[in-house]
Amino acid sequence: MEFNAKITGVGSAFPKTKVTNNDISDLIAEYGEHTNDQWIRERTGIVTRRISEKGNPDEYNSALGAKASLLALEMAGKKAIDVELIVYGTASPDTLLPSTACWLQKKIGADLAWGFDLNAACSGFVYGLAVGSQFIQTGNAKTVLVTGVDVVSFVVNWKDRNSCILFGDGAGAAVLERADDNDSGKIIDYKMLSNGKLWSLFHVEAGGSKLEVTNDLILQNKNKMAMNGKEIFKVAVRTLADFAVNILEKNNYTIDDLDWFIPHQANIRIIEAVARRLKLPMEKVVINVDRCGNTSAATIPTALDEAVRDKRIKKGQLVLLDAFGAGITFGSVLMRW
Ligand SMILES: CC(C)(COP(=O)(O)OP(=O)(O)OC[C@H]1O[C@@H](n2cnc3c(N)ncnc32)[C@H](O)[C@@H]1OP(=O)(O)O)[C@@H](O)C(=O)NCCC(=O)NCCS
């Protein structure tokens, strides 16, 4: 490894429309399903989320990604033209072809970059950090834009009260650059793992080359997400905690050394259970699931952005990002800010 990579700018963006638990309750009542604000708050910690307006170009995946990216570039003191590589973490692209990385490139004018989409579902941003930092570390790039953006609302099954209450849309982005030798801020380590054997816990069956969407399949909601919430819950708690312990131990740190823990924001009960396992006080955990729901690849970069901008995260502090998502995918990134 020749160089260290570090995050020099972060940004986020959300659609305008706030959707409350009561709004969801009213919506799903039209399909004969029932839920209520109290159940959703108690079982998930979610109070509200933002949902993109369908057909509004300002709220396409790439439009939200562009807003978040420009804010991240501004914080880093960089221009879009400085970007050499775009790693676009998303599972809800604008179009299958071209990639959303290309739509983003066009929108922000990153004309000297190459880029691609990276689909690791909710782990997309941390996978992207691992990939992007490789290019910095080897000296192949000096400025890399990594995003975590999802408009998952388009695959939410509004007839399934188990899953439709959980999700929101949003965008986060980070600029990765080469750290100076005397700079304390750097990505220290990352650990990624996928387990394709667990694919059925969370998937969308139709819409790829395996199964084209037909009218019949639409009627069966096969083009929408299917989720085994209880199983995901168990796998997530166990694995998020294991990943956190492993990466800290590997780098000779303990939980007490950690200043900030930013886990994937899927459910406050998952986050609290992981913190209990780690014996980590909740004051060290960054949370936005209450206001955003599960924004898939965007949960971690948007939470990071919030905590950097409100100055909770300070220079030199030890920060751990910890993700899981459909696949199942897992990933953690340990860094010094
Ligand atoms: C989905 C999830 C919120 C369900 O919470 P839970 O505490 O496990 O709830 P259960 O599945 O045990 O359901 C309890 C009861 O509430 C009911 N219920 C489910 N959804 C409901 C809703 N939205 N409103 C009211 N009742 C609901 C169930 O039907 C069940 O009723 P029953 O006891 O009569 O059978 C939770 O399992 C979860 O968040 N899992 C992780 C999902 C996830 O993170 N997915 C994304 C991965 S990136």
# chains A, B, ... in the order shown; residues from 1 in each chain; ligands from 1

call {"tool": "residues_around", "arguments": {"residues": "stretch 128-141 of chain A", "least_positions_apart": "2", "cutoff": "6 Å", "atoms": "only C-alpha atoms", "output": "list in words"}}
result
Met1, Glu2, Phe3, Asn4, Ala5, Val87, Gly124, Phe125, Val126, Thr143, Val146 and Arg178 of chain A

call {"tool": "residues_near_ligand", "arguments": {"ligand": "ligand 1", "cutoff": "9 Å", "atoms": "only C-alpha atoms and all ligand atoms", "output": "ChimeraX atom specification"}}
result
/A:25,33-40,42-44,121-123,160-167,201-202,227-234,236,264-270,294-297,323-326,328

call {"tool": "select_by_dssp", "arguments": {"residues": "stretch 85-249 of chain A", "states": "helix (DSSP H, G or I)", "output": "number ranges by chain"}}
result
A: 100-108, 121-137, 152-155, 161-164, 196-201, 215-219, 229-249

call {"tool": "atom_distance", "arguments": {"atom1": "atom CA of A:Leu278", "atom2": "atom CA of A:Ala244"}}
result
8.1 Å

call {"tool": "residues_around", "arguments": {"residues": "stretch 70-86 of chain A", "least_positions_apart": "6", "cutoff": "8 Å", "atoms": "only C-alpha atoms", "output": "PyMOL selection string"}}
result
chain A and resi 8-12+101+105+108-116+132+141-147+173-175

call {"tool": "write_last_selection", "arguments": {"atoms": "C-alpha atoms", "output": "PDB file, in the first residue's frame"}}
result
ATOM      1  CA  THR A   8     -12.348  14.934   2.693  1.00  0.00           C
ATOM      2  CA  GLY A   9     -15.985  15.811   2.016  1.00  0.00           C
ATOM      3  CA  VAL A  10     -19.452  14.429   2.618  1.00  0.00           C
ATOM      4  CA  GLY A  11     -22.924  15.432   1.462  1.00  0.00           C
ATOM      5  CA  SER A  12     -26.488  14.243   1.437  1.00  0.00           C
ATOM      6  CA  ALA A 101     -22.709   6.666 -12.469  1.00  0.00           C
ATOM      7  CA  GLN A 105     -21.292  12.232 -14.386  1.00  0.00           C
ATOM      8  CA  ILE A 108     -22.394  17.259 -12.314  1.00  0.00           C
ATOM      9  CA  GLY A 109     -19.966  17.615 -15.240  1.00  0.00           C
ATOM     10  CA  ALA A 110     -17.343  15.144 -14.017  1.00  0.00           C
ATOM     11  CA  ASP A 111     -16.119  14.942 -17.586  1.00  0.00           C
ATOM     12  CA  LEU A 112     -12.685  13.496 -16.818  1.00  0.00           C
ATOM     13  CA  ALA A 113     -13.966  10.606 -14.689  1.00  0.00           C
ATOM     14  CA  TRP A 114     -14.791   7.004 -15.356  1.00  0.00           C
ATOM     15  CA  GLY A 115     -17.421   5.349 -13.235  1.00  0.00           C
ATOM     16  CA  PHE A 116     -19.664   2.401 -12.579  1.00  0.00           C
ATOM     17  CA  GLY A 132     -12.522   3.605  -4.096  1.00  0.00           C
ATOM     18  CA  ALA A 141      -6.382   8.071  -8.554  1.00  0.00           C
ATOM     19  CA  LYS A 142      -6.179  11.160  -6.385  1.00  0.00           C
ATOM     20  CA  THR A 143      -9.878  12.054  -6.193  1.00  0.00           C
ATOM     21  CA  VAL A 144     -12.639   9.469  -6.057  1.00  0.00           C
ATOM     22  CA  LEU A 145     -16.358  10.123  -5.569  1.00  0.00           C
ATOM     23  CA  VAL A 146     -18.223   7.383  -3.707  1.00  0.00           C
ATOM     24  CA  THR A 147     -21.995   7.487  -3.362  1.00  0.00           C
ATOM     25  CA  ALA A 173     -21.778  10.946  -1.063  1.00  0.00           C
ATOM     26  CA  ALA A 174     -18.156  11.162  -0.003  1.00  0.00           C
ATOM     27  CA  VAL A 175     -14.984  12.427  -1.652  1.00  0.00           C
TER      28      VAL A 175
END

call {"tool": "atom_distance", "arguments": {"atom1": "atom CA of A:Trp199", "atom2": "atom CA of A:Thr329"}}
result
9.4 Å

call {"tool": "select_by_dssp", "arguments": {"residues": "stretch 64-300 of chain A", "states": "strand (DSSP E)", "output": "PyMOL selection string"}}
result
chain A and resi 85-89+114-118+143-150+170-178+186-194+202-204+225-227+260-263

call {"tool": "residues_around", "arguments": {"residues": "A:Thr17", "least_positions_apart": "6", "cutoff": "7 Å", "atoms": "only C-alpha atoms", "output": "PyMOL selection string"}}
result
chain A and resi 50-52
